[in-house]
$ cat target-v3.cif   # mmCIF, C-alpha atoms
data_start
#
loop_
_atom_site.label_atom_id
_atom_site.label_comp_id
_atom_site.auth_asym_id
_atom_site.auth_seq_id
_atom_site.Cartn_x
_atom_site.Cartn_y
_atom_site.Cartn_z
CA MET Q 12 0.00 0.00 0.00
CA ALA Q 13 1.22 3.47 -0.84
CA ASN Q 14 2.21 5.77 2.02
CA VAL Q 15 1.65 9.52 1.94
CA ASN Q 16 2.24 12.25 4.49
CA LEU Q 17 -0.66 12.68 6.88
CA GLY Q 18 -0.56 16.40 6.11
CA THR Q 19 -1.58 15.71 2.50
CA LYS Q 20 -4.81 13.93 3.45
CA ALA Q 21 -7.92 15.85 2.47
CA VAL Q 22 -10.09 17.36 5.19
CA GLY Q 23 -12.95 14.89 5.68
CA SER Q 24 -10.73 11.85 5.13
CA THR Q 25 -10.94 9.01 7.62
CA ILE Q 26 -7.89 7.86 9.58
CA LYS Q 27 -7.74 4.73 11.74
CA LEU Q 28 -6.17 4.74 15.20
CA LYS Q 29 -6.25 1.87 17.67
CA VAL Q 30 -8.01 2.59 20.97
CA ASN Q 31 -8.13 -0.18 23.56
CA GLY Q 32 -6.95 -2.60 20.88
CA SER Q 33 -9.68 -1.79 18.33
CA ALA Q 34 -9.33 0.41 15.23
CA LYS Q 35 -11.44 3.56 15.52
CA ASP Q 36 -12.26 5.98 12.73
CA PHE Q 37 -11.05 9.56 13.15
CA ILE Q 38 -12.00 12.35 10.77
CA VAL Q 39 -9.38 14.81 9.50
CA VAL Q 40 -11.13 18.03 10.52
CA HIS Q 41 -8.30 20.48 9.83
CA GLN Q 42 -4.77 20.72 8.48
CA GLY Q 43 -2.39 23.26 10.05
CA LYS Q 44 -2.91 25.98 12.66
CA PRO Q 45 -6.49 27.30 12.45
CA SER Q 46 -5.74 30.92 13.35
CA SER Q 47 -3.53 33.26 15.36
CA VAL Q 48 -5.50 32.58 18.56
CA TYR Q 49 -3.74 29.20 18.64
CA ASP Q 50 -0.24 28.43 19.82
CA ASP Q 51 2.18 27.14 17.15
CA SER Q 52 2.00 23.74 18.83
CA CYS Q 53 -1.44 23.37 17.22
CA ASN Q 54 0.09 23.27 13.75
CA GLY Q 55 -0.54 19.70 12.62
CA THR Q 56 -3.29 17.35 11.48
CA TRP Q 57 -6.43 17.71 13.60
CA LEU Q 58 -8.37 14.47 14.14
CA LEU Q 59 -11.82 14.01 15.69
CA MET Q 60 -13.26 10.60 16.56
CA LYS Q 61 -16.03 9.93 14.08
CA ASP Q 62 -18.41 8.36 16.59
CA ILE Q 63 -19.08 8.94 20.26
CA TYR Q 64 -16.67 6.87 22.32
CA THR Q 65 -18.38 6.98 25.69
CA ALA Q 66 -20.83 9.01 27.79
CA PHE Q 67 -19.40 11.05 30.64
CA ALA Q 68 -20.31 13.88 32.99
CA PHE Q 69 -18.49 17.11 32.12
CA SER Q 70 -17.56 17.85 35.72
CA SER Q 71 -18.66 17.41 39.30
CA ASN Q 72 -18.11 21.03 40.36
CA ASN Q 73 -18.65 23.65 37.65
CA ASN Q 74 -18.27 24.34 33.93
CA PHE Q 75 -14.54 25.18 34.00
CA TYR Q 76 -12.95 22.98 31.33
CA LYS Q 77 -9.35 23.06 32.64
CA ASP Q 78 -10.50 21.54 35.97
CA SER Q 79 -13.17 19.26 34.53
CA GLY Q 80 -13.38 15.52 35.03
CA ILE Q 81 -13.73 15.09 31.29
CA HIS Q 82 -10.40 16.85 30.66
CA ILE Q 83 -8.73 14.61 33.25
CA TYR Q 84 -10.35 11.52 31.73
CA LEU Q 85 -9.25 12.34 28.17
CA ASN Q 86 -5.62 12.91 29.15
CA GLY Q 87 -5.47 10.01 31.56
CA THR Q 88 -7.69 6.98 31.12
CA PHE Q 89 -8.56 7.56 27.47
CA PHE Q 90 -5.04 8.64 26.47
CA ASN Q 91 -3.60 5.43 27.89
CA LEU Q 92 -6.01 3.35 25.80
CA ILE Q 93 -4.49 4.67 22.57
CA ASP Q 94 -2.00 2.40 20.83
CA THR Q 95 1.48 3.06 22.25
CA ASP Q 96 3.12 4.05 18.95
CA ILE Q 97 0.44 6.68 18.29
CA ARG Q 98 0.34 7.81 21.91
CA ASN Q 99 4.03 8.61 21.73
CA VAL Q 100 3.59 11.01 18.82
CA ILE Q 101 0.38 12.85 19.78
CA LYS Q 102 1.29 16.51 20.04
CA GLN Q 103 1.31 18.35 23.34
CA VAL Q 104 -0.65 21.46 22.37
CA LYS Q 105 -2.03 24.62 23.91
CA ILE Q 106 -5.65 25.17 22.95
CA PRO Q 107 -7.72 28.33 23.54
CA TYR Q 108 -10.30 27.99 26.33
CA GLN Q 109 -12.53 30.00 28.63
CA ASN Q 110 -10.64 30.19 31.92
CA ASP Q 111 -13.48 30.47 34.45
CA THR Q 112 -16.88 32.01 33.65
CA SER Q 113 -17.22 34.04 36.84
CA SER Q 114 -16.58 37.79 37.01
CA GLY Q 115 -12.83 37.15 37.16
CA GLY Q 116 -12.81 34.74 34.23
CA SER Q 117 -11.09 35.40 30.94
CA LEU Q 118 -10.31 33.85 27.59
CA ALA Q 119 -6.89 32.16 27.40
CA THR Q 120 -5.33 31.91 23.91
CA GLY Q 121 -2.00 31.36 22.17
CA ALA Q 122 0.85 30.42 24.49
CA ASN Q 123 -1.52 30.91 27.43
CA GLY Q 124 -3.84 28.18 26.16
CA LEU Q 125 -4.56 24.96 28.00
CA SER Q 126 -1.77 22.39 27.70
CA THR Q 127 -3.28 19.08 26.59
CA LYS Q 128 -2.93 16.11 24.28
CA VAL Q 129 -6.55 14.95 23.93
CA PHE Q 130 -9.38 17.46 24.15
CA LEU Q 131 -12.96 18.36 23.27
CA LEU Q 132 -13.67 20.72 20.40
CA SER Q 133 -15.08 24.19 21.08
CA GLY Q 134 -18.21 25.87 19.79
CA TYR Q 135 -16.18 28.15 17.54
CA GLU Q 136 -14.22 25.17 16.14
CA VAL Q 137 -17.40 23.38 15.03
CA GLY Q 138 -18.69 26.53 13.30
CA TRP Q 139 -20.66 28.61 15.81
CA THR Q 140 -19.90 32.13 16.97
CA THR Q 141 -21.45 34.81 19.18
CA SER Q 142 -23.66 35.57 16.18
CA ASP Q 143 -25.39 32.28 16.88
CA ASN Q 144 -25.53 32.92 20.62
CA ILE Q 145 -23.88 35.73 22.56
CA TYR Q 146 -22.93 33.29 25.33
CA PHE Q 147 -20.47 31.32 23.24
CA PRO Q 148 -16.87 31.98 24.37
CA ARG Q 149 -14.49 32.97 21.57
CA ASP Q 150 -12.36 29.89 22.28
CA GLY Q 151 -11.01 29.09 18.85
CA ALA Q 152 -11.69 29.36 15.12
CA LYS Q 153 -13.76 27.26 12.74
CA LEU Q 154 -12.02 24.11 11.58
CA ASP Q 155 -12.20 23.48 7.84
CA TYR Q 156 -14.35 20.36 8.12
CA PHE Q 157 -17.30 22.18 9.68
CA GLY Q 158 -19.80 24.58 8.18
CA SER Q 159 -20.88 27.87 9.74
CA GLY Q 160 -23.99 28.33 11.86
CA SER Q 161 -27.02 26.15 11.32
CA GLY Q 162 -25.86 25.42 7.76
CA GLY Q 163 -23.19 23.17 9.20
CA ASN Q 164 -25.48 21.04 11.37
CA SER Q 165 -25.13 17.87 9.27
CA LYS Q 166 -21.35 17.77 9.77
CA ARG Q 167 -21.81 17.89 13.55
CA VAL Q 168 -24.13 14.92 13.94
CA ALA Q 169 -22.49 12.00 15.74
CA TYR Q 170 -23.67 8.52 16.62
CA ASN Q 171 -23.53 6.34 19.69
CA GLY Q 172 -24.08 2.93 18.12
CA SER Q 173 -26.93 3.23 15.60
CA ASN Q 174 -28.52 6.32 17.12
CA ALA Q 175 -27.53 9.98 16.91
CA ALA Q 176 -26.55 11.32 20.31
CA ALA Q 177 -25.66 14.66 21.86
CA TRP Q 178 -21.98 15.31 22.66
CA TRP Q 179 -20.01 17.74 24.81
CA LEU Q 180 -18.01 20.73 23.63
CA ARG Q 181 -15.36 22.28 25.86
CA SER Q 182 -17.08 25.68 25.66
CA SER Q 183 -18.72 26.93 28.83
CA LEU Q 184 -21.85 29.07 28.74
CA THR Q 185 -20.30 32.44 29.59
CA SER Q 186 -23.33 33.68 31.53
CA SER Q 187 -23.03 31.12 34.34
CA ASN Q 188 -20.80 28.59 36.09
CA ASP Q 189 -23.30 25.79 35.60
CA ASN Q 190 -23.85 25.12 31.92
CA VAL Q 191 -21.76 23.79 29.07
CA TRP Q 192 -22.42 23.88 25.33
CA LEU Q 193 -23.32 20.68 23.47
CA VAL Q 194 -24.05 19.47 19.98
CA ASN Q 195 -27.58 18.11 19.79
CA THR Q 196 -28.67 14.97 17.97
CA ASP Q 197 -29.58 17.01 14.87
CA GLY Q 198 -26.31 18.97 14.89
CA SER Q 199 -27.76 22.11 16.44
CA ASN Q 200 -26.45 23.71 19.63
CA TYR Q 201 -27.82 23.77 23.14
CA PHE Q 202 -26.46 23.74 26.68
CA ASP Q 203 -27.04 21.74 29.84
CA TRP Q 204 -25.79 21.26 33.38
CA TYR Q 205 -22.16 20.21 33.80
CA TYR Q 206 -23.04 17.18 35.93
CA HIS Q 207 -25.22 15.53 33.29
CA SER Q 208 -23.80 12.75 31.14
CA TYR Q 209 -23.38 13.18 27.36
CA GLY Q 210 -21.28 11.79 24.57
CA VAL Q 211 -17.51 12.27 24.31
CA ARG Q 212 -15.77 12.70 20.93
CA PRO Q 213 -12.02 12.91 21.60
CA ALA Q 214 -9.91 15.21 19.42
CA LEU Q 215 -6.13 15.27 19.05
CA ILE Q 216 -3.41 16.65 16.79
CA LEU Q 217 -0.75 14.52 15.09
CA PRO Q 218 2.42 15.67 13.29
CA SER Q 219 1.63 16.16 9.60
CA THR Q 220 4.85 14.38 8.68
CA LEU Q 221 3.59 10.99 9.81
CA LEU Q 222 2.81 8.51 7.07
CA VAL Q 223 -0.62 7.07 6.35
CA SER Q 224 -1.46 4.17 4.03
CA ASP Q 225 -4.37 4.13 1.61
CA ASP Q 226 -6.45 2.14 4.11
CA GLY Q 227 -6.08 4.98 6.65
CA THR Q 228 -3.54 3.30 8.92
CA VAL Q 229 -1.05 5.75 10.40
CA SER Q 230 2.58 4.69 10.66
CA THR Q 231 4.89 6.17 13.25
CA ASN Q 232 7.94 4.69 11.58
CA THR Q 233 10.64 7.21 10.72
CA ALA Q 234 12.02 6.82 7.23
CA PRO Q 235 15.79 6.24 6.89
CA ALA Q 236 18.05 9.18 6.12
CA ILE Q 237 21.02 9.40 3.76
CA THR Q 238 23.59 12.18 4.04
CA ALA Q 239 26.59 13.10 1.93
CA SER Q 240 28.90 16.09 1.98
CA SER Q 241 28.12 16.79 -1.68
CA THR Q 242 25.96 15.30 -4.42
CA ASN Q 243 27.44 17.31 -7.30
CA LEU Q 244 30.63 15.34 -7.75
CA GLY Q 245 31.92 17.15 -10.83
CA GLU Q 246 34.31 15.70 -13.40
CA LYS Q 247 36.08 12.42 -12.72
CA ASN Q 248 39.04 11.01 -14.64
CA ALA Q 249 40.15 8.42 -12.08
CA PRO Q 250 38.53 6.19 -9.44
CA PHE Q 251 36.86 8.26 -6.75
CA SER Q 252 35.32 7.84 -3.29
CA PHE Q 253 31.73 9.01 -3.01
CA ARG Q 254 31.03 8.54 0.69
CA TYR Q 255 27.61 8.65 2.28
CA THR Q 256 26.09 7.76 5.64
CA VAL Q 257 22.80 5.95 6.26
CA THR Q 258 20.88 6.45 9.51
CA ASP Q 259 17.56 5.32 10.93
CA ALA Q 260 16.01 7.11 13.89
CA ASP Q 261 14.22 3.94 14.94
CA GLY Q 262 17.46 1.94 14.97
CA ASP Q 263 16.28 -0.45 12.24
CA THR Q 264 18.87 -2.28 10.17
CA LEU Q 265 18.88 -1.19 6.56
CA THR Q 266 19.14 -2.59 3.07
CA VAL Q 267 21.13 -0.22 0.90
CA THR Q 268 20.98 -0.36 -2.89
CA GLU Q 269 23.43 1.42 -5.18
CA LYS Q 270 22.49 2.20 -8.76
CA LEU Q 271 24.38 3.79 -11.63
CA ASP Q 272 22.12 5.19 -14.34
CA SER Q 273 19.17 3.06 -13.09
CA LYS Q 274 21.19 -0.18 -13.09
CA THR Q 275 21.79 -1.85 -9.73
CA THR Q 276 25.50 -2.17 -9.05
CA ALA Q 277 25.45 -3.28 -5.39
CA THR Q 278 23.02 -4.32 -2.65
CA ARG Q 279 24.11 -4.29 0.99
CA THR Q 280 21.99 -5.88 3.71
CA GLY Q 281 22.00 -5.70 7.49
CA ILE Q 282 23.54 -2.23 7.56
CA ALA Q 283 23.43 -0.59 10.99
CA SER Q 284 22.24 2.98 11.45
CA GLY Q 285 25.13 5.45 11.29
CA THR Q 286 27.24 3.35 8.91
CA ALA Q 287 29.44 5.27 6.44
CA LEU Q 288 29.66 3.64 3.01
CA THR Q 289 31.47 4.24 -0.27
CA PHE Q 290 29.84 3.92 -3.68
CA GLY Q 291 31.50 0.79 -5.01
CA GLN Q 292 31.25 1.22 -8.78
CA GLY Q 293 33.44 4.31 -8.79
CA SER Q 294 35.91 3.40 -6.08
CA THR Q 295 38.19 0.84 -7.81
CA ALA Q 296 40.15 1.02 -11.04
CA GLU Q 297 38.50 -2.12 -12.38
CA ASN Q 298 34.97 -0.86 -11.80
CA PHE Q 299 35.71 2.70 -12.87
CA GLN Q 300 37.01 1.45 -16.22
CA ARG Q 301 33.59 -0.01 -16.94
CA ILE Q 302 31.93 3.37 -16.75
CA LEU Q 303 31.66 5.14 -20.10
CA ASN Q 304 32.65 8.73 -20.54
CA GLY Q 305 29.79 11.17 -20.10
CA PHE Q 306 27.21 12.30 -17.54
CA HIS Q 307 26.08 9.78 -14.92
CA THR Q 308 23.61 9.60 -12.03
CA ILE Q 309 24.19 7.66 -8.83
CA LYS Q 310 21.11 6.66 -6.82
CA ILE Q 311 21.46 5.40 -3.26
CA THR Q 312 18.34 3.90 -1.65
CA ALA Q 313 18.02 2.89 2.02
CA ASN Q 314 15.09 0.72 3.13
CA ASP Q 315 14.20 -0.17 6.73
CA GLY Q 316 11.68 -2.83 5.75
CA LYS Q 317 8.82 -0.30 5.88
CA GLU Q 318 9.92 2.77 3.96
CA SER Q 319 12.61 3.82 1.52
CA THR Q 320 14.65 6.99 1.17
CA SER Q 321 16.77 7.83 -1.86
CA LEU Q 322 19.64 10.20 -2.56
CA ASN Q 323 20.87 11.13 -6.03
CA ALA Q 324 24.37 12.30 -6.95
CA THR Q 325 25.82 13.18 -10.34
CA PHE Q 326 29.24 13.17 -11.97
CA THR Q 327 30.79 13.34 -15.42
CA LYS Q 328 33.42 10.84 -16.41
CA SER Q 329 36.04 12.41 -18.64
CA VAL Q 330 38.97 10.11 -19.28
CA THR Q 331 41.09 11.20 -22.26
CA SER Q 332 43.99 8.79 -21.82
CA ALA Q 333 44.55 5.18 -20.83
CA SER Q 334 47.42 2.78 -20.27
CA VAL Q 335 47.62 -1.00 -20.06
CA THR Q 336 50.42 -3.17 -18.70
CA LEU Q 337 50.90 -6.52 -17.00
CA THR Q 338 51.02 -6.39 -13.22
CA THR Q 339 53.25 -9.47 -13.23
CA PRO Q 340 55.79 -9.93 -16.06
CA LEU Q 341 55.89 -13.23 -17.97
CA THR Q 342 59.12 -15.11 -17.26
CA VAL Q 343 60.83 -17.80 -19.37
CA GLU Q 344 64.00 -19.84 -19.35
CA GLY Q 345 66.64 -18.60 -21.74
CA ASP Q 346 66.35 -15.38 -23.76
CA ILE Q 347 63.51 -13.40 -25.33
CA THR Q 348 64.52 -12.11 -28.74
CA VAL Q 349 61.32 -11.65 -30.75
CA ALA Q 350 57.73 -10.76 -29.95
CA VAL Q 351 54.50 -9.95 -31.76
CA LEU Q 352 51.75 -7.82 -30.23
CA GLN Q 353 48.23 -6.86 -31.24
CA VAL Q 354 46.14 -4.09 -29.70
CA THR Q 355 42.45 -4.29 -30.57
CA GLY Q 356 39.74 -1.75 -29.85
CA SER Q 357 38.83 1.63 -31.28
CA ILE Q 358 41.67 4.11 -31.50
CA PRO Q 359 41.01 7.34 -33.45
CA ASP Q 360 43.47 8.32 -36.15
CA ASP Q 361 44.56 11.50 -34.37
CA ALA Q 362 45.04 9.83 -30.97
CA THR Q 363 48.53 9.70 -29.48
CA PHE Q 364 49.30 5.98 -29.44
CA LYS Q 365 52.42 4.33 -28.08
CA VAL Q 366 53.45 0.72 -27.47
CA GLU Q 367 56.58 -0.27 -25.55
CA VAL Q 368 57.97 -3.75 -24.78
CA THR Q 369 60.74 -5.11 -22.62
CA ASN Q 370 62.50 -8.47 -22.36
CA ASN Q 371 64.15 -7.84 -18.96
CA ALA Q 372 61.11 -6.70 -16.98
CA LYS Q 373 62.39 -8.12 -13.66
CA ASP Q 374 65.60 -6.10 -13.70
CA PRO Q 375 65.79 -2.98 -11.51
CA SER Q 376 65.80 -0.75 -14.63
CA PRO Q 377 64.11 -2.58 -17.51
CA VAL Q 378 64.98 -1.54 -21.06
CA TRP Q 379 61.77 -0.36 -22.74
CA GLN Q 380 61.77 -0.51 -26.52
CA ASP Q 381 59.34 1.50 -28.66
CA ALA Q 382 57.33 -0.97 -30.73
CA THR Q 383 54.54 1.34 -31.95
CA VAL Q 384 55.35 1.02 -35.64
CA GLU Q 385 55.64 -2.78 -35.53
CA VAL Q 386 52.32 -3.12 -33.71
CA GLN Q 387 50.58 -0.81 -36.18
CA LYS Q 388 51.98 -2.81 -39.10
CA GLY Q 389 51.49 -6.23 -37.48
CA ALA Q 390 55.21 -6.93 -37.85
CA ASN Q 391 57.58 -8.84 -35.57
CA ILE Q 392 59.34 -6.93 -32.82
CA VAL Q 393 63.03 -7.73 -32.67
CA PHE Q 394 64.54 -6.88 -29.29
CA THR Q 395 67.73 -4.84 -29.33
CA ASN Q 396 68.46 -5.55 -25.66
CA SER Q 397 70.14 -8.85 -24.77
CA ALA Q 398 70.94 -8.28 -21.08
CA ALA Q 399 68.68 -9.76 -18.37
CA THR Q 400 70.33 -9.80 -14.94
CA ASN Q 401 67.32 -11.36 -13.23
CA GLY Q 402 66.37 -13.60 -16.10
CA ALA Q 403 64.23 -13.08 -19.17
CA ALA Q 404 60.85 -11.55 -18.45
CA PHE Q 405 58.40 -10.05 -20.89
CA ASN Q 406 56.09 -7.08 -20.35
CA PHE Q 407 54.41 -4.41 -22.43
CA ARG Q 408 52.86 -1.03 -21.82
CA VAL Q 409 50.31 0.53 -24.11
CA SER Q 410 49.33 4.17 -23.72
CA VAL Q 411 46.83 6.21 -25.68
CA SER Q 412 45.45 9.73 -25.28
CA ARG Q 413 42.74 11.66 -27.07
CA GLY Q 414 43.71 13.84 -30.01
CA ALA Q 415 42.64 17.32 -31.13
CA SER Q 416 39.34 16.08 -32.55
CA GLY Q 417 38.18 15.03 -29.08
CA THR Q 418 37.02 11.68 -30.41
CA GLY Q 419 37.08 8.99 -27.78
CA GLY Q 420 38.11 5.37 -28.11
CA TYR Q 421 38.95 2.29 -26.13
CA ILE Q 422 41.35 -0.63 -25.81
CA GLU Q 423 39.50 -3.88 -25.95
CA ALA Q 424 42.36 -6.38 -25.70
CA VAL Q 425 46.11 -6.81 -25.95
CA SER Q 426 47.36 -10.16 -27.27
CA GLY Q 427 50.56 -11.62 -28.72
CA ALA Q 428 53.46 -13.96 -28.28
CA PHE Q 429 57.21 -13.94 -27.76
CA GLN Q 430 60.21 -16.27 -28.05
#

$ encode --input "target-v3.cif" --output "structure tokens"
Amino acid sequence: MANVNLGTKAVGSTIKLKVNGSAKDFIVVHQGKPSSVYDDSCNGTWLLMKDIYTAFAFSSNNNFYKDSGIHIYLNGTFFNLIDTDIRNVIKQVKIPYQNDTSSGGSLATGANGLSTKVFLLSGYEVGWTTSDNIYFPRDGAKLDYFGSGSGGNSKRVAYNGSNAAAWWLRSSLTSSNDNVWLVNTDGSNYFDWYYHSYGVRPALILPSTLLVSDDGTVSTNTAPAITASSTNLGEKNAPFSFRYTVTDADGDTLTVTEKLDSKTTATRTGIASGTALTFGQGSTAENFQRILNGFHTIKITANDGKESTSLNATFTKSVTSASVTLTTPLTVEGDITVAVLQVTGSIPDDATFKVEVTNNAKDPSPVWQDATVEVQKGANIVFTNSAATNGAAFNFRVSVSRGASGTGGYIEAVSGAFQ
């Protein structure tokens, strides 16, 4: 299933969170911070439980939300019923609220809002204002999911089982210490005594960066990260070390795949978080030789078994010369007097091409003889040197560099014989 950022989910979408071991539907009611009356902590994905979870008295004393039993219940008993992975990422936010409705009461907003993780929505958040009733506190701003006034009633209706039921808001009736605003069964507003029992629809805010699958399941997994000092590697004419580091905040082991121009060149498994690696295809002479001149793209992908992260880097290979020789000379008994050598490949006419041979390659200072003409003609090479202190040993060295035309070429093979 495809994963997308929670912050990209449309308002009205349904998200599933586990509560007490069972998946519950939550509606995305807003994305981001609703207005300036909210603290920046409220910038995230707002979720509201689709159905009523339980029935509960608002309080046993008055209509002050910050001291209410329902506030304590939501951030204690109910909070602890939420699946641990989700519980650990629910945002600690400061929501606007009416702080006391007596003569000394006031509205608390912004950084002075009520610190909470799970909360009830306010009258303003579900679309009502003092234009609907002068005794609504101005404790928030309309969330995008809800409509304004009575025109938004249908979006406010909630069910307890198969029947619509009234549910609490956190908004106190500002004219008394006794009453709290509710959403009625038809989505309209009314108020009642704080000690009566009505439905509870928990709301919470999650980080918008979390991932959600197309079935609504939220993942708290953190994707791997790949870092490198630079991804624009410039021009390369010799093997190079492109170093990068893979990390995983969850400590998962990683599978790392290296690609060159969309072709997989290496796969590494069981890589621990924090491991520094080097791109293999460019790091050795043998592998570098297999890369053609021109522009190339490296793609590094790290997968933790749940998500993948990729990093691209680019370089241009520009090799205008090459040389070939034997790492270990060929030794024989006796002397080496004649040889024949063939160089096959594609060598442009204006390239600088040189072939040298030696018959005393194991001596401290071998005698190198220019054999370019003989190789070009396919003729025998007659050695002029006859001294071999450490015994007869044959080697060659072929060098070629690009000419004025800029035309490239290659050496495919060097073959021959000697006696």

$ residues_around --input "target-v3.cif" --residues "Ala66 of chain Q" --least-positions-apart "3" --cutoff "12 Å" --atoms "all atoms listed in the file" --output "number ranges by chain"
Q: 62-63, 69, 81, 84, 170-172, 176-179, 206-213

$ write_last_selection --input "target-v3.cif" --atoms "C-alpha atoms" --output "PDB file, keeping the file's coordinate frame"
ATOM      1  CA  ASP Q  62     -18.410   8.360  16.590  1.00  0.00           C
ATOM      2  CA  ILE Q  63     -19.080   8.940  20.260  1.00  0.00           C
ATOM      3  CA  PHE Q  69     -18.490  17.110  32.120  1.00  0.00           C
ATOM      4  CA  ILE Q  81     -13.730  15.090  31.290  1.00  0.00           C
ATOM      5  CA  TYR Q  84     -10.350  11.520  31.730  1.00  0.00           C
ATOM      6  CA  TYR Q 170     -23.670   8.520  16.620  1.00  0.00           C
ATOM      7  CA  ASN Q 171     -23.530   6.340  19.690  1.00  0.00           C
ATOM      8  CA  GLY Q 172     -24.080   2.930  18.120  1.00  0.00           C
ATOM      9  CA  ALA Q 176     -26.550  11.320  20.310  1.00  0.00           C
ATOM     10  CA  ALA Q 177     -25.660  14.660  21.860  1.00  0.00           C
ATOM     11  CA  TRP Q 178     -21.980  15.310  22.660  1.00  0.00           C
ATOM     12  CA  TRP Q 179     -20.010  17.740  24.810  1.00  0.00           C
ATOM     13  CA  TYR Q 206     -23.040  17.180  35.930  1.00  0.00           C
ATOM     14  CA  HIS Q 207     -25.220  15.530  33.290  1.00  0.00           C
ATOM     15  CA  SER Q 208     -23.800  12.750  31.140  1.00  0.00           C
ATOM     16  CA  TYR Q 209     -23.380  13.180  27.360  1.00  0.00           C
ATOM     17  CA  GLY Q 210     -21.280  11.790  24.570  1.00  0.00           C
ATOM     18  CA  VAL Q 211     -17.510  12.270  24.310  1.00  0.00           C
ATOM     19  CA  ARG Q 212     -15.770  12.700  20.930  1.00  0.00           C
ATOM     20  CA  PRO Q 213     -12.020  12.910  21.600  1.00  0.00           C
TER      21      PRO Q 213
END

$ resolve_selection --input "target-v3.cif" --expression "the PyMOL selection byres ((chain Q and resi 50) around 8)" --output "ChimeraX atom specification"
/Q:47-49,51-54,104-106,120-122,124

$ write_last_selection --input "target-v3.cif" --atoms "C-alpha atoms" --output "JSON list (two decimals), keeping the file's coordinate frame"
[["chain", "number", "residue", "atom", "x", "y", "z"],
["Q", 47, "SER", "CA", -3.53, 33.26, 15.36],
["Q", 48, "VAL", "CA", -5.50, 32.58, 18.56],
["Q", 49, "TYR", "CA", -3.74, 29.20, 18.64],
["Q", 51, "ASP", "CA", 2.18, 27.14, 17.15],
["Q", 52, "SER", "CA", 2.00, 23.74, 18.83],
["Q", 53, "CYS", "CA", -1.44, 23.37, 17.22],
["Q", 54, "ASN", "CA", 0.09, 23.27, 13.75],
["Q", 104, "VAL", "CA", -0.65, 21.46, 22.37],
["Q", 105, "LYS", "CA", -2.03, 24.62, 23.91],
["Q", 106, "ILE", "CA", -5.65, 25.17, 22.95],
["Q", 120, "THR", "CA", -5.33, 31.91, 23.91],
["Q", 121, "GLY", "CA", -2.00, 31.36, 22.17],
["Q", 122, "ALA", "CA", 0.85, 30.42, 24.49],
["Q", 124, "GLY", "CA", -3.84, 28.18, 26.16]]

$ residues_around --input "target-v3.cif" --residues "Gly160 of chain Q" --least-positions-apart "2" --cutoff "6 Å" --atoms "only C-alpha atoms" --output "list in words"
Gly138, Trp139, Gly162 and Gly163 of chain Q

$ resolve_selection --input "target-v3.cif" --expression "the PyMOL selection byres ((chain Q and resi 15-30) around 10)" --output "VMD selection string"
chain Q and resid 12 to 14 31 to 43 55 to 61 64 89 to 98 154 to 157 166 217 to 230

$ closest_atom_pairs --input "target-v3.cif" --of "segment 324-389 of chain Q" --to "segment 395-418 of chain Q" --cutoff "8 Å" --atoms "only C-alpha atoms" --output "CSV"
residue,atom,partner,partner_atom,distance
Q:Thr331,CA,Q:Arg413,CA,5.1
Q:Ser332,CA,Q:Ser412,CA,3.9
Q:Ala333,CA,Q:Val411,CA,5.5
Q:Ser334,CA,Q:Ser410,CA,4.2
Q:Val335,CA,Q:Val409,CA,5.1
Q:Thr336,CA,Q:Arg408,CA,4.5
Q:Leu337,CA,Q:Asn406,CA,6.2
Q:Pro340,CA,Q:Asn406,CA,5.2
Q:Leu341,CA,Q:Phe405,CA,5.0
Q:Thr342,CA,Q:Ala404,CA,4.1
Q:Val343,CA,Q:Ala403,CA,5.8
Q:Glu344,CA,Q:Ala403,CA,6.8
Q:Gly345,CA,Q:Ala403,CA,6.5
Q:Asp346,CA,Q:Ala403,CA,5.6
Q:Ile347,CA,Q:Ala403,CA,6.2
Q:Thr348,CA,Q:Ser397,CA,7.6
Q:Pro359,CA,Q:Thr418,CA,6.6
Q:Asp361,CA,Q:Gly414,CA,5.0
Q:Ala362,CA,Q:Gly414,CA,4.3
Q:Thr363,CA,Q:Ser412,CA,5.2
Q:Phe364,CA,Q:Val411,CA,4.5
Q:Lys365,CA,Q:Ser410,CA,5.3
Q:Val366,CA,Q:Val409,CA,4.6
Q:Glu367,CA,Q:Arg408,CA,5.3
Q:Val368,CA,Q:Phe407,CA,4.3
Q:Thr369,CA,Q:Asn406,CA,5.5
Q:Asn370,CA,Q:Phe405,CA,4.6
Q:Asn371,CA,Q:Ala399,CA,5.0
Q:Ala372,CA,Q:Ala404,CA,5.1
Q:Lys373,CA,Q:Asn401,CA,5.9
Q:Asp374,CA,Q:Asn401,CA,5.6
Q:Val378,CA,Q:Asn396,CA,7.0
Q:Gln380,CA,Q:Thr395,CA,7.9

$ atom_distance --input "target-v3.cif" --atom1 "atom CA of Asp263 of chain Q" --atom2 "atom CA of Ile282 of chain Q"
8.8 Å

$ resolve_selection --input "target-v3.cif" --expression "the PyMOL selection byres ((chain Q and resi 314) around 12)" --output "ChimeraX atom specification"
/Q:232-237,257-259,263-269,278-284,311-313,315-322

$ atom_distance --input "target-v3.cif" --atom1 "atom CA of Ala260 of chain Q" --atom2 "atom CA of Ser240 of chain Q"
19.7 Å

$ closest_residue --input "target-v3.cif" --among "Q:Asp189, Q:Glu246, Q:Asp381, Q:Asp203" --to "Thr112 of chain Q" --atoms "all atoms listed in the file"
Q:Asp189

$ residues_around --input "target-v3.cif" --residues "Leu352 of chain Q" --least-positions-apart "3" --cutoff "9 Å" --atoms "only C-alpha atoms" --output "list in words"
Ala382, Glu385, Val386, Gly389, Ala390, Asn391, Ile392, Phe407, Val425, Ser426, Gly427, Ala428 and Phe429 of chain Q
